[in-house]
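What follows is the content of target.pdb, which has PDB, C-alpha atoms:
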ATOM      1  CA  MET A   1     -29.538  11.770 -11.390
ATOM      2  CA  LEU A   2     -32.221   9.147 -11.143
ATOM      3  CA  SER A   3     -31.421   5.633 -12.119
ATOM      4  CA  LEU A   4     -33.861   3.596 -14.082
ATOM      5  CA  VAL A   5     -34.298  -0.103 -13.348
ATOM      6  CA  LEU A   6     -35.557  -2.115 -16.238
ATOM      7  CA  ALA A   7     -37.619  -5.274 -15.903
ATOM      8  CA  PRO A   8     -36.304  -8.416 -17.551
ATOM      9  CA  ALA A   9     -37.392  -8.885 -21.081
ATOM     10  CA  ALA A  10     -40.723 -10.634 -21.645
ATOM     11  CA  PRO A  11     -40.447 -14.190 -22.927
ATOM     12  CA  THR A  12     -40.885 -14.658 -26.579
ATOM     13  CA  MET A  13     -44.127 -16.091 -27.919
ATOM     14  CA  GLY A  14     -42.580 -19.487 -28.538
ATOM     15  CA  ALA A  15     -41.495 -19.849 -24.905
ATOM     16  CA  ALA A  16     -44.908 -18.715 -23.579
ATOM     17  CA  ALA A  17     -46.674 -21.189 -25.818
ATOM     18  CA  GLY A  18     -44.372 -23.942 -24.564
ATOM     19  CA  GLN A  19     -45.176 -23.069 -20.948
ATOM     20  CA  VAL A  20     -48.924 -23.115 -21.617
ATOM     21  CA  ALA A  21     -48.642 -26.431 -23.432
ATOM     22  CA  GLY A  22     -46.673 -27.910 -20.518
ATOM     23  CA  LYS A  23     -49.273 -26.717 -17.994
ATOM     24  CA  LEU A  24     -52.077 -28.075 -20.154
ATOM     25  CA  ALA A  25     -50.386 -31.474 -20.423
ATOM     26  CA  ALA A  26     -49.881 -31.582 -16.633
ATOM     27  CA  LEU A  27     -53.522 -30.676 -16.089
ATOM     28  CA  GLN A  28     -54.709 -33.367 -18.487
ATOM     29  CA  ALA A  29     -52.504 -35.948 -16.755
ATOM     30  CA  THR A  30     -53.959 -34.968 -13.359
ATOM     31  CA  LEU A  31     -57.503 -35.211 -14.729
ATOM     32  CA  ALA A  32     -56.786 -38.650 -16.215
ATOM     33  CA  ARG A  33     -55.411 -39.838 -12.846
ATOM     34  CA  LEU A  34     -58.494 -38.565 -11.048
ATOM     35  CA  ALA A  35     -60.812 -40.140 -13.619
ATOM     36  CA  ALA A  36     -59.104 -43.501 -13.091
ATOM     37  CA  LYS A  37     -59.316 -43.120  -9.322
ATOM     38  CA  TYR A  38     -62.973 -42.022  -9.260
ATOM     39  CA  PRO A  39     -64.955 -43.680 -12.062
ATOM     40  CA  PRO A  40     -68.101 -41.901 -13.173
ATOM     41  CA  ARG A  41     -71.297 -42.788 -11.331
ATOM     42  CA  PRO A  42     -73.971 -44.663 -13.212
ATOM     43  CA  VAL A  43     -76.627 -42.406 -14.629
ATOM     44  CA  ALA A  44     -79.865 -42.612 -12.666
ATOM     45  CA  VAL A  45     -82.795 -43.839 -14.676
ATOM     46  CA  LEU A  46     -85.292 -41.054 -14.891
ATOM     47  CA  THR A  47     -88.971 -41.792 -14.550
ATOM     48  CA  PRO A  48     -91.047 -41.263 -17.641
ATOM     49  CA  ALA A  49     -92.531 -37.838 -18.101
ATOM     50  CA  SER A  50     -95.503 -37.321 -15.856
ATOM     51  CA  ALA A  51     -98.916 -36.449 -17.138
ATOM     52  CA  PRO A  52     -99.528 -32.814 -17.973
ATOM     53  CA  ILE A  53    -100.790 -30.639 -15.139
ATOM     54  CA  ASP A  54    -104.557 -30.374 -15.086
ATOM     55  CA  PRO A  55    -105.688 -26.736 -14.775
ATOM     56  CA  ALA A  56    -108.770 -27.785 -12.805
ATOM     57  CA  THR A  57    -106.620 -29.589 -10.242
ATOM     58  CA  THR A  58    -104.360 -26.557  -9.961
ATOM     59  CA  ALA A  59    -107.372 -24.300  -9.442
ATOM     60  CA  VAL A  60    -108.718 -26.565  -6.702
ATOM     61  CA  ARG A  61    -105.344 -26.633  -4.950
ATOM     62  CA  HIS A  62    -105.004 -22.856  -5.165
ATOM     63  CA  ALA A  63    -108.509 -22.377  -3.783
ATOM     64  CA  LEU A  64    -107.664 -24.687  -0.882
ATOM     65  CA  ALA A  65    -104.431 -22.793  -0.203
ATOM     66  CA  ARG A  66    -106.183 -19.410  -0.309
ATOM     67  CA  ALA A  67    -108.931 -20.628   2.038
ATOM     68  CA  HIS A  68    -106.307 -22.076   4.381
ATOM     69  CA  SER A  69    -104.407 -18.781   4.438
ATOM     70  CA  ALA A  70    -107.602 -16.775   5.046
ATOM     71  CA  MET A  71    -108.582 -19.100   7.883
ATOM     72  CA  PHE A  72    -105.208 -18.679   9.569
ATOM     73  CA  ASP A  73    -105.336 -14.893   9.150
ATOM     74  CA  ALA A  74    -108.818 -14.775  10.692
ATOM     75  CA  ARG A  75    -107.702 -16.980  13.560
ATOM     76  CA  ALA A  76    -104.657 -14.776  14.176
ATOM     77  CA  ALA A  77    -106.897 -11.697  14.255
ATOM     78  CA  LYS A  78    -109.166 -13.429  16.756
ATOM     79  CA  HIS A  79    -106.232 -14.343  18.978
ATOM     80  CA  ALA A  80    -104.888 -10.795  18.747
ATOM     81  CA  LEU A  81    -108.095  -9.502  20.325
ATOM     82  CA  ARG A  82    -107.494 -11.604  23.428
ATOM     83  CA  LYS A  83    -105.177  -8.911  24.731
ATOM     84  CA  GLU A  84    -107.715  -6.174  24.227
ATOM     85  CA  TYR A  85    -109.332  -5.403  27.553
ATOM     86  CA  GLY A  86    -111.015  -2.397  29.015
ATOM     87  CA  PRO A  87    -114.140  -0.386  28.332
ATOM     88  CA  GLN A  88    -113.397   0.751  24.811
ATOM     89  CA  ALA A  89    -116.109   1.901  22.472
ATOM     90  CA  GLY A  90    -117.049  -0.785  19.962
ATOM     91  CA  ARG A  91    -114.977  -3.515  21.591
ATOM     92  CA  PHE A  92    -117.724  -6.134  21.445
ATOM     93  CA  CYS A  93    -118.617  -5.182  17.881
ATOM     94  CA  ARG A  94    -115.007  -5.779  16.821
ATOM     95  CA  ILE A  95    -114.880  -9.071  18.699
ATOM     96  CA  ARG A  96    -118.160 -10.222  17.136
ATOM     97  CA  ALA A  97    -116.961  -9.201  13.647
ATOM     98  CA  VAL A  98    -113.702 -11.120  14.081
ATOM     99  CA  ILE A  99    -115.520 -14.196  15.370
ATOM    100  CA  MET A 100    -117.943 -14.109  12.432
ATOM    101  CA  ARG A 101    -115.061 -13.690   9.976
ATOM    102  CA  CYS A 102    -113.294 -16.653  11.583
ATOM    103  CA  ARG A 103    -116.423 -18.808  11.272
ATOM    104  CA  GLU A 104    -116.871 -17.806   7.629
ATOM    105  CA  ALA A 105    -113.234 -18.581   6.889
ATOM    106  CA  ARG A 106    -113.564 -21.973   8.577
ATOM    107  CA  ALA A 107    -116.673 -22.759   6.519
ATOM    108  CA  ALA A 108    -114.933 -21.629   3.304
ATOM    109  CA  TYR A 109    -111.959 -23.831   4.149
ATOM    110  CA  ALA A 110    -114.222 -26.810   4.812
ATOM    111  CA  ALA A 111    -115.888 -26.278   1.416
ATOM    112  CA  ALA A 112    -112.522 -25.942  -0.337
ATOM    113  CA  ALA A 113    -111.230 -29.073   1.399
ATOM    114  CA  ALA A 114    -114.322 -31.021   0.350
ATOM    115  CA  ALA A 115    -113.845 -29.845  -3.246
ATOM    116  CA  PHE A 116    -110.178 -30.820  -3.147
ATOM    117  CA  HIS A 117    -110.876 -34.288  -1.764
ATOM    118  CA  ALA A 118    -113.531 -34.815  -4.441
ATOM    119  CA  SER A 119    -111.006 -33.984  -7.180
ATOM    120  CA  PRO A 120    -108.557 -36.489  -8.717
ATOM    121  CA  ALA A 121    -105.707 -34.895  -6.758
ATOM    122  CA  GLY A 122    -107.567 -35.541  -3.516
ATOM    123  CA  ALA A 123    -108.188 -39.148  -4.510
ATOM    124  CA  ALA A 124    -104.478 -39.562  -5.289
ATOM    125  CA  LEU A 125    -103.647 -38.074  -1.896
ATOM    126  CA  GLN A 126    -105.938 -40.563  -0.165
ATOM    127  CA  VAL A 127    -104.296 -43.445  -2.054
ATOM    128  CA  ALA A 128    -100.867 -42.196  -1.001
ATOM    129  CA  ARG A 129    -101.993 -41.826   2.612
ATOM    130  CA  ALA A 130    -103.401 -45.349   2.641
ATOM    131  CA  LYS A 131     -99.903 -46.735   2.025
ATOM    132  CA  TYR A 132     -98.683 -45.593   5.429
ATOM    133  CA  PRO A 133    -100.202 -46.497   8.791
ATOM    134  CA  ARG A 134    -101.513 -43.686  10.930
ATOM    135  CA  PHE A 135    -100.240 -43.218  14.414
TER     136      PHE A 135
END

What would you get if you wrote out this structure as structure tokens?
Amino acid sequence: MLSLVLAPAAPTMGAAAGQVAGKLAALQATLARLAAKYPPRPVAVLTPASAPIDPATTAVRHALARAHSAMFDARAAKHALRKEYGPQAGRFCRIRAVIMRCREARAAYAAAAAAFHASPAGAALQVARAKYPRF
């Protein structure tokens, strides 16, 4: 015949509540000791809210970023053609097209950079750059 082992009886609700209260009191005492040992840091003074973002400035910055990305893509395509050798049909047409695209991208980037530097954000950048000496 099989024997059946029974687990000890579960503690009553009063005993469980006493255990939880004891653990909570120990935790609060530990937290109070730590708070006394490590006082809270002073709150950093936050700068006043900055001016709202100007949509025109954002548009100029995005145009500059897009022109910069297009210029780098065109330059990468031009450098990729360096490895292309041999008498392939249309090789010089592809090289000429890539060179023209690179020149156009460079001109578009120059125009976007001029527009950015003419904007208030560009003027603020120049003021910030003037604070530090150039090497």

Range 65-68 of chain A surroundings by all atoms listed in the file, 10 Å radius, close-in-sequence under 4 positions cut, as a list of chain:residue names: A:Ala59, A:Val60, A:Arg61, A:Phe72, A:Asp73, A:Ala74, A:Ala105, A:Arg106, A:Ala107, A:Ala108, A:Tyr109, A:Ala110, A:Ala111, A:Ala112, A:Ala113

CA of Thr58 in chain A to CA of Glu104 in chain A, distance in Å rounded to a single decimal: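 Taking CA of Thr58 in chain A as the start and CA of Glu104 in chain A as the end point, the length is 23.3 Å.
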
So how many Å separate CA of Ser69 in chain A and CA of Ala128 in chain A, to one decimal?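 These atoms are spaced 24.3 Å apart.
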
Provide the CA of Leu24 in chain A to CA of Pro39 in chain A distance in Å, to one decimal place.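 Between these atoms lies a distance of 21.8 Å.
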
Using the chain letters and residue numbers of this document, give as a list in words the residues selected by the PyMOL selection byres ((chain A and resi 78) around 8).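 On the file shown, the PyMOL selection byres ((chain A and resi 78) around 8) covers Ala74, Arg75, Ala76, Ala77, His79, Ala80, Leu81, Arg82, Ile95, Val98, Ile99 and Cys102 of chain A.
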